[in-house]
$ cat run_22.cif   # mmCIF, C-alpha atoms
data_final
#
loop_
_atom_site.label_atom_id
_atom_site.label_comp_id
_atom_site.auth_asym_id
_atom_site.auth_seq_id
_atom_site.Cartn_x
_atom_site.Cartn_y
_atom_site.Cartn_z
CA MET P 306 64.21 -83.55 56.56
CA ALA P 307 67.81 -84.79 56.28
CA PRO P 308 69.27 -84.95 52.77
CA ARG P 309 69.61 -88.32 51.05
CA ARG P 310 73.33 -89.04 50.99
CA LEU P 311 75.35 -92.22 50.63
CA LEU P 312 78.97 -92.25 51.81
CA LEU P 313 80.89 -95.28 50.55
CA ILE P 314 83.94 -96.01 52.71
CA SER P 315 86.80 -97.97 51.20
CA TYR P 316 90.50 -98.61 51.66
CA PRO P 317 93.15 -99.08 48.95
CA ARG P 318 92.88 -102.06 46.58
CA THR P 319 89.38 -103.15 47.61
CA ALA P 320 87.98 -103.07 44.04
CA SER P 321 85.98 -100.00 45.05
CA ASN P 322 86.52 -98.44 41.65
CA LEU P 323 85.23 -101.59 40.01
CA LEU P 324 82.15 -101.23 42.21
CA LEU P 325 81.64 -97.64 41.05
CA ARG P 326 81.91 -98.74 37.45
CA ILE P 327 79.30 -101.45 38.02
CA LEU P 328 76.98 -99.01 39.80
CA ALA P 329 77.28 -96.65 36.81
CA LEU P 330 76.57 -93.54 38.87
CA ALA P 331 76.50 -91.31 35.79
CA ASP P 332 73.52 -93.31 34.50
CA GLN P 333 71.63 -93.38 37.79
CA PRO P 334 68.67 -91.01 37.18
CA ASP P 335 68.28 -89.94 40.81
CA VAL P 336 71.95 -89.65 41.75
CA ILE P 337 74.45 -86.81 41.78
CA ALA P 338 78.16 -87.60 41.99
CA ASN P 339 81.29 -85.78 40.92
CA GLU P 340 83.32 -87.06 37.97
CA GLN P 341 85.50 -89.16 40.25
CA GLY P 342 82.65 -90.71 42.17
CA GLY P 343 84.09 -89.10 45.30
CA TYR P 344 87.59 -88.45 46.63
CA PHE P 345 86.57 -85.01 47.88
CA PHE P 346 89.05 -85.41 50.72
CA MET P 347 92.10 -86.33 48.67
CA LYS P 348 93.37 -82.75 49.08
CA ALA P 349 93.12 -83.00 52.87
CA PHE P 350 95.06 -86.25 52.97
CA THR P 351 97.76 -85.16 50.53
CA THR P 352 98.21 -81.95 52.52
CA ALA P 353 98.63 -83.96 55.72
CA ALA P 354 100.89 -86.49 53.99
CA LYS P 355 103.21 -83.83 52.57
CA ASP P 356 106.76 -84.44 53.82
CA GLY P 357 105.40 -87.30 55.94
CA LEU P 358 103.65 -84.90 58.33
CA ILE P 359 100.71 -87.21 59.11
CA TYR P 360 103.11 -89.88 60.35
CA LYS P 361 104.58 -87.57 62.99
CA PRO P 362 103.02 -86.95 66.43
CA VAL P 363 100.67 -83.97 66.30
CA ASP P 364 102.43 -82.34 69.24
CA GLN P 365 105.43 -81.97 66.91
CA TRP P 366 103.43 -80.10 64.26
CA THR P 367 103.76 -76.35 64.04
CA THR P 368 100.70 -74.13 64.42
CA GLU P 369 101.01 -73.28 60.72
CA GLN P 370 101.01 -76.97 59.75
CA CYS P 371 97.94 -77.68 61.85
CA GLU P 372 96.09 -74.77 60.29
CA GLU P 373 97.10 -75.78 56.78
CA VAL P 374 95.68 -79.27 57.30
CA ARG P 375 92.54 -77.95 59.00
CA SER P 376 92.01 -75.49 56.16
CA ALA P 377 92.39 -78.29 53.60
CA PHE P 378 89.75 -80.35 55.39
CA GLN P 379 87.49 -77.30 55.46
CA ASP P 380 87.91 -76.72 51.72
CA CYS P 381 87.06 -80.36 51.03
CA LEU P 382 83.98 -80.19 53.25
CA ASN P 383 82.81 -76.98 51.59
CA GLU P 384 83.05 -78.54 48.14
CA LEU P 385 81.19 -81.63 49.30
CA GLU P 386 78.45 -79.50 50.82
CA GLU P 387 78.06 -77.62 47.53
CA TYR P 388 77.31 -80.91 45.82
CA SER P 389 75.00 -81.86 48.65
CA SER P 390 73.01 -78.63 48.32
CA ARG P 391 72.67 -79.20 44.60
CA ALA P 392 71.44 -82.76 45.14
CA GLU P 393 68.91 -81.59 47.71
CA LYS P 394 67.58 -78.88 45.40
CA GLU P 395 67.16 -81.42 42.61
CA SER P 396 65.63 -84.02 44.97
CA LYS P 397 68.41 -86.44 44.18
CA MET P 398 70.79 -88.58 46.21
CA LEU P 399 74.42 -87.56 46.61
CA VAL P 400 76.82 -90.50 46.38
CA THR P 401 80.50 -90.20 47.19
CA LYS P 402 83.38 -92.55 47.99
CA GLU P 403 86.27 -91.84 50.36
CA HIS P 404 89.00 -93.89 52.01
CA ALA P 405 88.37 -94.34 55.73
CA PHE P 406 91.76 -93.01 56.77
CA TRP P 407 91.34 -89.83 54.74
CA LEU P 408 88.52 -88.78 57.05
CA CYS P 409 90.46 -89.47 60.25
CA ASN P 410 91.13 -86.63 62.66
CA PRO P 411 94.95 -86.26 62.72
CA MET P 412 94.82 -86.10 66.51
CA SER P 413 93.03 -89.44 66.75
CA PHE P 414 95.62 -91.00 64.47
CA SER P 415 98.43 -89.49 66.53
CA ARG P 416 96.96 -90.91 69.74
CA MET P 417 96.70 -94.40 68.27
CA LEU P 418 100.08 -94.49 66.55
CA HIS P 419 102.21 -92.41 68.89
CA ASP P 420 100.25 -92.41 72.19
CA THR P 421 100.11 -88.62 71.92
CA THR P 422 98.52 -87.00 74.96
CA GLY P 423 97.03 -83.57 75.46
CA SER P 424 94.08 -81.76 73.94
CA TYR P 425 94.71 -80.83 70.33
CA ASP P 426 91.31 -81.76 68.90
CA SER P 427 90.16 -78.16 68.53
CA LEU P 428 93.04 -77.56 66.12
CA PHE P 429 91.14 -79.52 63.48
CA ARG P 430 87.60 -78.40 64.33
CA LEU P 431 85.63 -77.66 61.15
CA GLN P 432 82.95 -75.07 60.57
CA LEU P 433 79.67 -76.69 59.57
CA PRO P 434 76.70 -75.02 57.90
CA ALA P 435 74.17 -73.73 60.43
CA THR P 436 71.67 -76.40 59.36
CA TYR P 437 73.62 -79.00 61.37
CA GLY P 438 73.10 -77.14 64.64
CA PRO P 439 75.48 -75.42 67.04
CA SER P 440 76.81 -78.45 68.94
CA GLN P 441 79.64 -80.75 67.90
CA THR P 442 79.93 -84.06 69.75
CA PHE P 443 82.12 -87.07 69.03
CA SER P 444 81.16 -90.63 69.96
CA PRO P 445 83.95 -93.01 71.10
CA ASN P 446 84.11 -94.71 67.69
CA ASN P 447 84.00 -91.46 65.76
CA HIS P 448 87.62 -90.70 64.96
CA THR P 449 86.82 -88.60 61.91
CA VAL P 450 86.98 -84.83 61.60
CA PHE P 451 83.16 -84.83 61.40
CA PRO P 452 81.02 -84.49 64.53
CA ASP P 453 78.20 -86.93 65.14
CA GLU P 454 75.68 -84.26 64.18
CA TYR P 455 77.13 -84.29 60.67
CA LEU P 456 77.87 -87.98 60.21
CA ARG P 457 74.33 -88.95 61.21
CA THR P 458 73.01 -87.19 58.11
CA TRP P 459 74.78 -89.74 55.89
CA ARG P 460 73.89 -93.34 55.08
CA LEU P 461 77.20 -95.15 55.45
CA ALA P 462 78.24 -98.00 53.17
CA PHE P 463 81.51 -99.94 53.17
CA ILE P 464 83.49 -102.17 50.87
CA ILE P 465 86.09 -104.58 52.25
CA ARG P 466 88.41 -107.17 50.74
CA HIS P 467 90.56 -109.98 52.08
CA PRO P 468 93.87 -108.57 53.41
CA ALA P 469 95.81 -111.35 51.66
CA LEU P 470 94.66 -109.87 48.34
CA VAL P 471 94.83 -106.22 49.33
CA PHE P 472 98.17 -105.86 51.11
CA PRO P 473 100.53 -107.50 48.58
CA SER P 474 98.73 -105.66 45.79
CA LEU P 475 99.25 -102.40 47.66
CA TYR P 476 102.92 -103.19 48.22
CA ARG P 477 103.48 -103.87 44.51
CA ALA P 478 101.79 -100.62 43.56
CA MET P 479 103.76 -98.61 46.11
CA MET P 480 107.06 -100.09 44.97
CA LYS P 481 106.19 -99.00 41.44
CA MET P 482 105.46 -95.56 42.86
CA VAL P 483 108.90 -95.46 44.48
CA THR P 484 110.56 -96.63 41.26
CA THR P 485 108.83 -93.97 39.19
CA GLY P 486 109.50 -91.23 41.74
CA PHE P 487 105.91 -90.56 42.78
CA LEU P 488 106.67 -91.75 46.31
CA GLN P 489 109.83 -91.24 48.30
CA LYS P 490 111.36 -94.40 49.74
CA GLU P 491 111.44 -92.89 53.24
CA GLU P 492 107.67 -92.31 53.02
CA LEU P 493 106.94 -95.96 52.26
CA PRO P 494 106.83 -97.28 55.88
CA GLY P 495 104.25 -94.69 56.90
CA VAL P 496 102.11 -95.33 53.84
CA LEU P 497 102.12 -99.07 54.44
CA GLU P 498 101.41 -98.78 58.17
CA THR P 499 98.52 -96.41 57.51
CA ASN P 500 96.88 -98.51 54.84
CA MET P 501 97.64 -102.09 55.86
CA SER P 502 94.91 -102.03 58.48
CA LEU P 503 91.14 -102.33 58.68
CA LYS P 504 90.86 -100.61 62.05
CA TRP P 505 89.76 -97.29 60.53
CA THR P 506 87.00 -99.07 58.60
CA ARG P 507 85.87 -101.11 61.60
CA MET P 508 85.70 -98.11 63.93
CA LEU P 509 83.61 -96.15 61.47
CA TYR P 510 81.35 -99.15 60.81
CA ASP P 511 80.80 -99.63 64.55
CA TYR P 512 80.07 -95.93 64.86
CA GLY P 513 77.42 -96.23 62.16
CA MET P 514 75.80 -99.21 63.84
CA GLU P 515 75.59 -97.32 67.14
CA ASN P 516 74.42 -93.98 65.80
CA ASN P 517 71.78 -94.69 63.15
CA ASP P 518 68.23 -95.95 63.34
CA SER P 519 67.20 -99.37 62.02
CA HIS P 520 66.32 -97.95 58.60
CA SER P 521 69.69 -96.35 57.99
CA LYS P 522 72.17 -98.84 59.41
CA PRO P 523 75.43 -99.13 57.46
CA LEU P 524 75.60 -101.38 54.42
CA LEU P 525 78.69 -103.48 53.81
CA LEU P 526 79.96 -105.24 50.70
CA ASP P 527 82.80 -107.70 50.32
CA ALA P 528 84.75 -107.36 47.08
CA HIS P 529 84.43 -111.12 46.60
CA ASP P 530 80.67 -110.70 46.22
CA VAL P 531 81.12 -107.68 43.96
CA ILE P 532 83.13 -109.91 41.61
CA HIS P 533 81.39 -113.28 41.95
CA ASN P 534 77.80 -112.56 43.06
CA PRO P 535 76.01 -109.96 40.92
CA ALA P 536 72.74 -110.61 42.75
CA VAL P 537 74.31 -109.20 45.92
CA ILE P 538 75.02 -105.92 44.12
CA THR P 539 71.40 -105.81 42.99
CA HIS P 540 70.28 -106.30 46.59
CA PHE P 541 72.72 -103.63 47.77
CA CYS P 542 71.18 -101.18 45.28
CA GLU P 543 67.70 -101.90 46.57
CA LEU P 544 68.82 -101.29 50.15
CA ALA P 545 70.76 -98.14 49.28
CA GLY P 546 68.07 -96.59 47.10
CA LEU P 547 69.96 -96.97 43.81
CA ASP P 548 68.51 -98.16 40.51
CA SER P 549 69.63 -101.76 39.99
CA THR P 550 68.47 -101.71 36.35
CA LYS P 551 71.37 -99.39 35.55
CA LEU P 552 74.08 -101.80 36.71
CA LYS P 553 76.83 -102.57 34.21
CA PHE P 554 78.98 -105.68 34.35
CA GLU P 555 80.55 -105.12 30.94
CA TRP P 556 81.88 -101.95 29.31
CA GLU P 557 83.98 -100.71 26.48
CA LYS P 558 87.67 -101.27 27.02
CA LYS P 559 89.64 -98.05 27.39
CA SER P 560 91.99 -97.05 24.61
CA GLU P 561 95.48 -98.34 25.28
CA ALA P 562 96.86 -95.36 23.42
CA ASN P 563 95.84 -92.80 25.98
CA ASN P 564 94.12 -94.87 28.68
CA ALA P 565 91.31 -92.34 28.49
CA PRO P 566 88.01 -93.18 30.17
CA THR P 567 84.98 -93.67 28.02
CA ASN P 568 82.19 -91.10 28.09
CA GLU P 569 79.98 -93.65 29.78
CA THR P 570 82.03 -93.84 32.96
CA PRO P 571 83.13 -90.34 34.02
CA VAL P 572 83.43 -91.49 37.63
CA GLU P 573 86.69 -93.18 36.64
CA GLN P 574 88.43 -90.14 35.20
CA ARG P 575 90.52 -89.23 38.26
CA ASP P 576 90.84 -92.58 39.91
CA PRO P 577 94.55 -92.28 40.80
CA ALA P 578 93.37 -91.34 44.27
CA GLU P 579 93.25 -95.08 45.00
CA GLN P 580 96.25 -94.76 47.28
CA GLY P 581 95.74 -91.35 48.76
CA LEU P 582 98.90 -89.93 47.24
CA HIS P 583 99.16 -86.80 45.15
CA PHE P 584 99.79 -88.22 41.71
CA LYS P 585 101.37 -85.72 39.36
CA SER P 586 101.02 -87.52 36.04
CA SER P 587 98.79 -89.97 34.23
CA ALA P 588 101.60 -92.52 34.50
CA ALA P 589 101.00 -92.77 38.24
CA ALA P 590 97.28 -93.22 37.64
CA ALA P 591 98.04 -96.06 35.26
CA ILE P 592 99.92 -97.90 38.02
CA MET P 593 96.91 -97.87 40.31
CA LEU P 594 94.33 -98.66 37.63
CA SER P 595 96.17 -101.02 35.31
CA SER P 596 93.81 -103.98 35.76
CA LEU P 597 90.58 -102.01 35.60
CA ALA P 598 91.74 -99.79 32.74
CA GLY P 599 92.58 -102.78 30.59
CA SER P 600 89.35 -104.63 31.25
CA SER P 601 86.02 -104.81 29.49
CA GLY P 602 84.23 -106.47 32.37
CA VAL P 603 84.62 -108.05 35.79
CA LEU P 604 87.86 -110.06 36.05
CA LYS P 605 86.97 -113.03 38.23
CA ASP P 606 90.49 -114.43 38.20
CA LYS P 607 91.48 -111.46 40.37
CA ALA P 608 89.42 -112.90 43.23
CA PRO P 609 90.14 -116.58 43.98
CA MET P 610 87.40 -118.50 45.76
CA VAL P 611 89.71 -119.80 48.50
CA LEU P 612 92.72 -118.16 50.16
CA ASP P 613 95.29 -119.86 52.39
CA VAL P 614 97.37 -117.16 54.10
CA THR P 615 100.28 -119.51 54.84
CA MET P 616 100.44 -120.62 51.22
CA GLU P 617 100.12 -117.04 49.99
CA ALA P 618 102.88 -115.95 52.37
CA SER P 619 105.29 -118.44 50.78
CA LYS P 620 104.58 -116.79 47.42
CA TRP P 621 105.24 -113.32 48.87
CA LYS P 622 108.59 -114.44 50.27
CA GLU P 623 109.54 -115.78 46.87
CA GLU P 624 108.36 -112.63 45.09
CA PHE P 625 109.54 -109.93 47.52
CA GLY P 626 112.16 -111.64 49.66
CA GLU P 627 112.02 -113.17 53.12
CA GLU P 628 111.85 -109.91 55.10
CA THR P 629 109.06 -108.31 53.09
CA GLY P 630 107.19 -111.60 52.88
CA LEU P 631 107.22 -111.89 56.66
CA PHE P 632 106.14 -108.25 56.98
CA LEU P 633 103.15 -108.83 54.70
CA GLU P 634 102.21 -112.06 56.47
CA LYS P 635 102.29 -110.33 59.86
CA ALA P 636 100.17 -107.43 58.57
CA VAL P 637 97.61 -109.78 57.02
CA LEU P 638 97.28 -111.91 60.16
CA ALA P 639 96.92 -108.79 62.32
CA ALA P 640 94.11 -107.49 60.08
CA MET P 641 92.19 -110.76 59.81
CA PRO P 642 90.10 -110.36 63.01
CA ASP P 643 88.76 -107.01 61.78
CA TYR P 644 88.17 -108.45 58.31
CA GLU P 645 86.29 -111.49 59.60
CA TYR P 646 84.24 -109.29 61.93
CA LEU P 647 83.19 -107.05 59.07
CA LYS P 648 82.71 -109.86 56.56
CA ALA P 649 80.19 -111.55 58.86
CA ARG P 650 78.08 -108.37 58.65
CA ARG P 651 78.13 -107.95 54.87
CA VAL P 652 75.07 -107.70 52.63
CA GLN P 653 73.93 -111.19 51.67
CA LEU P 654 70.95 -112.69 49.89
#
$ encode --input "run_22.cif" --output "structure tokens"
Amino acid sequence: MAPRRLLLISYPRTASNLLLRILALADQPDVIANEQGGYFFMKAFTTAAKDGLIYKPVDQWTTEQCEEVRSAFQDCLNELEEYSSRAEKESKMLVTKEHAFWLCNPMSFSRMLHDTTGSYDSLFRLQLPATYGPSQTFSPNNHTVFPDEYLRTWRLAFIIRHPALVFPSLYRAMMKMVTTGFLQKEELPGVLETNMSLKWTRMLYDYGMENNDSHSKPLLLDAHDVIHNPAVITHFCELAGLDSTKLKFEWEKKSEANNAPTNETPVEQRDPAEQGLHFKSSAAAAIMLSSLAGSSGVLKDKAPMVLDVTMEASKWKEEFGEETGLFLEKAVLAAMPDYEYLKARRVQL
């Protein structure tokens, strides 16, 4: 019997950490999660992102660099599997959250971004426990480092958010990162190109729809519903096998003195992973979590009911300048087909 496991796929600034706080994983009686609610693969991404490596064609990587990244992925997988074994022994569900791009096979990314040719896939082949069988196959929409035989053992869930809310928010956060020295200016283009897209999410969602039976099809939430429609979260819990009676829509505000998480929400303790960068101080974490850290409940003003991209773009040009405003507008419009496609398939009442 396959283990009960829920893999929540997000991308930066989707209110995924707000969702974790509402789900209150630490209070779910039949759930095991680490203190961060996931981010097992942050090490793999930060290793690949070091010195901008992930943004270079794979055929320009050295053998040592490929092995370092593969080894980081393997370490992350091993840690995740330790949690999975513990959950299985205790007859509980493992719940974890990761960004879609963090799970991407570097070779797949290189093919899409740089049209890299050649066979380099084996460079990032992971060793799986024997329980998953000897074969490793990859469906067309599976661009992760995990073979189908592994991914099929997970129930996939996704959270999305309107690009016109996500992308400018990401840009603001990344500019703060540059100002504070946590991100080098020359790394900014690669970070933005990687994250200002929903293609990684859509490909993985399509994979899940094609490779799971009717009882384990992917679940998908829109951040708008997370913020405005609590009943949708209750329904999501019922579908995912979580306890909806444990949901929390209000909580104690974190201390402004140290921004420390409360004991009730340990899943938030290492949330700086929101952008997939290796944050080296709590100051960087504060940049990514400023709204959530200062809240005592769901902030509905962060999610307007109606969005006009053209009108929003005029605000971006005023805030960031003409060039950046146009860049954000182009990125949002390019991402909208994927967003609308996914939104139409979200959990509804």
$ residues_around --input "run_22.cif" --residues "Ala469 (chain P)" --least-positions-apart "6" --cutoff "10 Å" --atoms "only C-alpha atoms" --output "PDB file with C-alpha atoms, keeping the file's coordinate frame"
ATOM      1  CA  LEU P 612      92.720-118.160  50.160  1.00  0.00           C
ATOM      2  CA  ASP P 613      95.290-119.860  52.390  1.00  0.00           C
ATOM      3  CA  VAL P 614      97.370-117.160  54.100  1.00  0.00           C
ATOM      4  CA  THR P 615     100.280-119.510  54.840  1.00  0.00           C
ATOM      5  CA  GLU P 617     100.120-117.040  49.990  1.00  0.00           C
ATOM      6  CA  ALA P 618     102.880-115.950  52.370  1.00  0.00           C
ATOM      7  CA  LEU P 633     103.150-108.830  54.700  1.00  0.00           C
ATOM      8  CA  GLU P 634     102.210-112.060  56.470  1.00  0.00           C
ATOM      9  CA  ALA P 636     100.170-107.430  58.570  1.00  0.00           C
ATOM     10  CA  VAL P 637      97.610-109.780  57.020  1.00  0.00           C
ATOM     11  CA  LEU P 638      97.280-111.910  60.160  1.00  0.00           C
ATOM     12  CA  ALA P 640      94.110-107.490  60.080  1.00  0.00           C
ATOM     13  CA  MET P 641      92.190-110.760  59.810  1.00  0.00           C
TER      14      MET P 641
END
$ residues_near_point --input "run_22.cif" --point "(99.7, -79.3, 53.9)" --cutoff "8 Å" --atoms "all atoms listed in the file" --output "PyMOL selection string"
chain P and resi 349+351-355+370+373-374+377
$ write_last_selection --input "run_22.cif" --atoms "C-alpha atoms" --output "PDB file, keeping the file's coordinate frame"
ATOM      1  CA  ALA P 349      93.120 -83.000  52.870  1.00  0.00           C
ATOM      2  CA  THR P 351      97.760 -85.160  50.530  1.00  0.00           C
ATOM      3  CA  THR P 352      98.210 -81.950  52.520  1.00  0.00           C
ATOM      4  CA  ALA P 353      98.630 -83.960  55.720  1.00  0.00           C
ATOM      5  CA  ALA P 354     100.890 -86.490  53.990  1.00  0.00           C
ATOM      6  CA  LYS P 355     103.210 -83.830  52.570  1.00  0.00           C
ATOM      7  CA  GLN P 370     101.010 -76.970  59.750  1.00  0.00           C
ATOM      8  CA  GLU P 373      97.100 -75.780  56.780  1.00  0.00           C
ATOM      9  CA  VAL P 374      95.680 -79.270  57.300  1.00  0.00           C
ATOM     10  CA  ALA P 377      92.390 -78.290  53.600  1.00  0.00           C
TER      11      ALA P 377
END
$ residues_around --input "run_22.cif" --residues "Asp364 (chain P)" --least-positions-apart "2" --cutoff "10 Å" --atoms "only C-alpha atoms" --output "number ranges by chain"
P: 361-362, 366-368, 371, 412, 415, 421-425
$ resolve_selection --input "run_22.cif" --expression "the PyMOL selection byres ((chain P and resi 314) around 8)" --output "PyMOL selection string"
chain P and resi 312-313+315-316+402-405+461-464+506
$ resolve_selection --input "run_22.cif" --expression "the PyMOL selection byres ((chain P and resi 517-526) around 9)" --output "JSON, numbers by chain"
{"P": [313, 457, 459, 460, 461, 462, 463, 464, 465, 466, 510, 511, 512, 513, 514, 515, 516, 527, 528, 529, 530, 531, 537, 538, 541, 544, 545, 647, 648, 650, 651, 652, 653]}
$ closest_residue --input "run_22.cif" --among "P:Leu493, P:Met479, P:Ala320, P:Ala639" --to "Gly357 (chain P)" --atoms "all atoms listed in the file"
P:Leu493
$ build_atoms --input "run_22.cif" --residues "region 381-408 of chain P" --atoms "N, CA and C atoms" --output "mmCIF file, in the coordinates of the input"
data_model
loop_
_atom_site.group_PDB
_atom_site.id
_atom_site.type_symbol
_atom_site.label_atom_id
_atom_site.label_comp_id
_atom_site.auth_asym_id
_atom_site.auth_seq_id
_atom_site.Cartn_x
_atom_site.Cartn_y
_atom_site.Cartn_z
ATOM 1 N N CYS P 381 87.657 -79.121 51.528
ATOM 2 C CA CYS P 381 87.060 -80.360 51.030
ATOM 3 C C CYS P 381 85.594 -80.464 51.463
ATOM 4 N N LEU P 382 85.344 -80.151 52.730
ATOM 5 C CA LEU P 382 83.980 -80.190 53.250
ATOM 6 C C LEU P 382 83.094 -79.194 52.510
ATOM 7 N N ASN P 383 83.608 -78.000 52.278
ATOM 8 C CA ASN P 383 82.810 -76.980 51.590
ATOM 9 C C ASN P 383 82.419 -77.431 50.185
ATOM 10 N N GLU P 384 83.349 -78.061 49.493
ATOM 11 C CA GLU P 384 83.050 -78.540 48.140
ATOM 12 C C GLU P 384 82.010 -79.661 48.183
ATOM 13 N N LEU P 385 82.164 -80.553 49.154
ATOM 14 C CA LEU P 385 81.190 -81.630 49.300
ATOM 15 C C LEU P 385 79.806 -81.080 49.606
ATOM 16 N N GLU P 386 79.740 -80.080 50.462
ATOM 17 C CA GLU P 386 78.450 -79.500 50.820
ATOM 18 C C GLU P 386 77.810 -78.762 49.644
ATOM 19 N N GLU P 387 78.622 -78.229 48.746
ATOM 20 C CA GLU P 387 78.060 -77.620 47.530
ATOM 21 C C GLU P 387 77.351 -78.663 46.690
ATOM 22 N N TYR P 388 77.962 -79.817 46.550
ATOM 23 C CA TYR P 388 77.310 -80.910 45.820
ATOM 24 C C TYR P 388 76.063 -81.374 46.544
ATOM 25 N N SER P 389 76.137 -81.416 47.867
ATOM 26 C CA SER P 389 75.000 -81.860 48.650
ATOM 27 C C SER P 389 73.809 -80.915 48.484
ATOM 28 N N SER P 390 74.083 -79.620 48.499
ATOM 29 C CA SER P 390 73.010 -78.630 48.320
ATOM 30 C C SER P 390 72.372 -78.770 46.945
ATOM 31 N N ARG P 391 73.201 -79.001 45.948
ATOM 32 C CA ARG P 391 72.670 -79.200 44.600
ATOM 33 C C ARG P 391 71.789 -80.434 44.529
ATOM 34 N N ALA P 392 72.236 -81.522 45.150
ATOM 35 C CA ALA P 392 71.440 -82.760 45.140
ATOM 36 C C ALA P 392 70.106 -82.545 45.832
ATOM 37 N N GLU P 393 70.145 -81.835 46.963
ATOM 38 C CA GLU P 393 68.910 -81.590 47.710
ATOM 39 C C GLU P 393 67.936 -80.748 46.901
ATOM 40 N N LYS P 394 68.444 -79.738 46.215
ATOM 41 C CA LYS P 394 67.580 -78.880 45.400
ATOM 42 C C LYS P 394 66.934 -79.656 44.259
ATOM 43 N N GLU P 395 67.668 -80.632 43.730
ATOM 44 C CA GLU P 395 67.160 -81.420 42.610
ATOM 45 C C GLU P 395 66.448 -82.689 43.065
ATOM 46 N N SER P 396 66.284 -82.833 44.387
ATOM 47 C CA SER P 396 65.630 -84.020 44.970
ATOM 48 C C SER P 396 66.311 -85.307 44.523
ATOM 49 N N LYS P 397 67.630 -85.278 44.550
ATOM 50 C CA LYS P 397 68.410 -86.440 44.180
ATOM 51 C C LYS P 397 69.304 -86.883 45.337
ATOM 52 N N MET P 398 69.883 -88.055 45.199
ATOM 53 C CA MET P 398 70.790 -88.580 46.210
ATOM 54 C C MET P 398 72.230 -88.246 45.836
ATOM 55 N N LEU P 399 72.992 -87.770 46.802
ATOM 56 C CA LEU P 399 74.420 -87.560 46.610
ATOM 57 C C LEU P 399 75.152 -88.836 46.986
ATOM 58 N N VAL P 400 76.014 -89.307 46.110
ATOM 59 C CA VAL P 400 76.820 -90.500 46.380
ATOM 60 C C VAL P 400 78.285 -90.130 46.244
ATOM 61 N N THR P 401 79.076 -90.480 47.245
ATOM 62 C CA THR P 401 80.500 -90.200 47.190
ATOM 63 C C THR P 401 81.278 -91.316 47.860
ATOM 64 N N LYS P 402 82.510 -91.503 47.437
ATOM 65 C CA LYS P 402 83.380 -92.550 47.990
ATOM 66 C C LYS P 402 84.646 -91.917 48.541
ATOM 67 N N GLU P 403 85.045 -92.331 49.733
ATOM 68 C CA GLU P 403 86.270 -91.840 50.360
ATOM 69 C C GLU P 403 86.968 -93.007 51.063
ATOM 70 N N HIS P 404 88.277 -92.918 51.191
ATOM 71 C CA HIS P 404 89.000 -93.890 52.010
ATOM 72 C C HIS P 404 88.810 -93.545 53.481
ATOM 73 N N ALA P 405 88.651 -94.556 54.310
ATOM 74 C CA ALA P 405 88.370 -94.340 55.730
ATOM 75 C C ALA P 405 89.431 -93.468 56.388
ATOM 76 N N PHE P 406 90.690 -93.736 56.099
ATOM 77 C CA PHE P 406 91.760 -93.010 56.770
ATOM 78 C C PHE P 406 91.782 -91.540 56.387
ATOM 79 N N TRP P 407 91.328 -91.215 55.180
ATOM 80 C CA TRP P 407 91.340 -89.830 54.740
ATOM 81 C C TRP P 407 90.464 -88.946 55.618
ATOM 82 N N LEU P 408 89.462 -89.539 56.244
ATOM 83 C CA LEU P 408 88.520 -88.780 57.050
ATOM 84 C C LEU P 408 88.937 -88.709 58.519
#
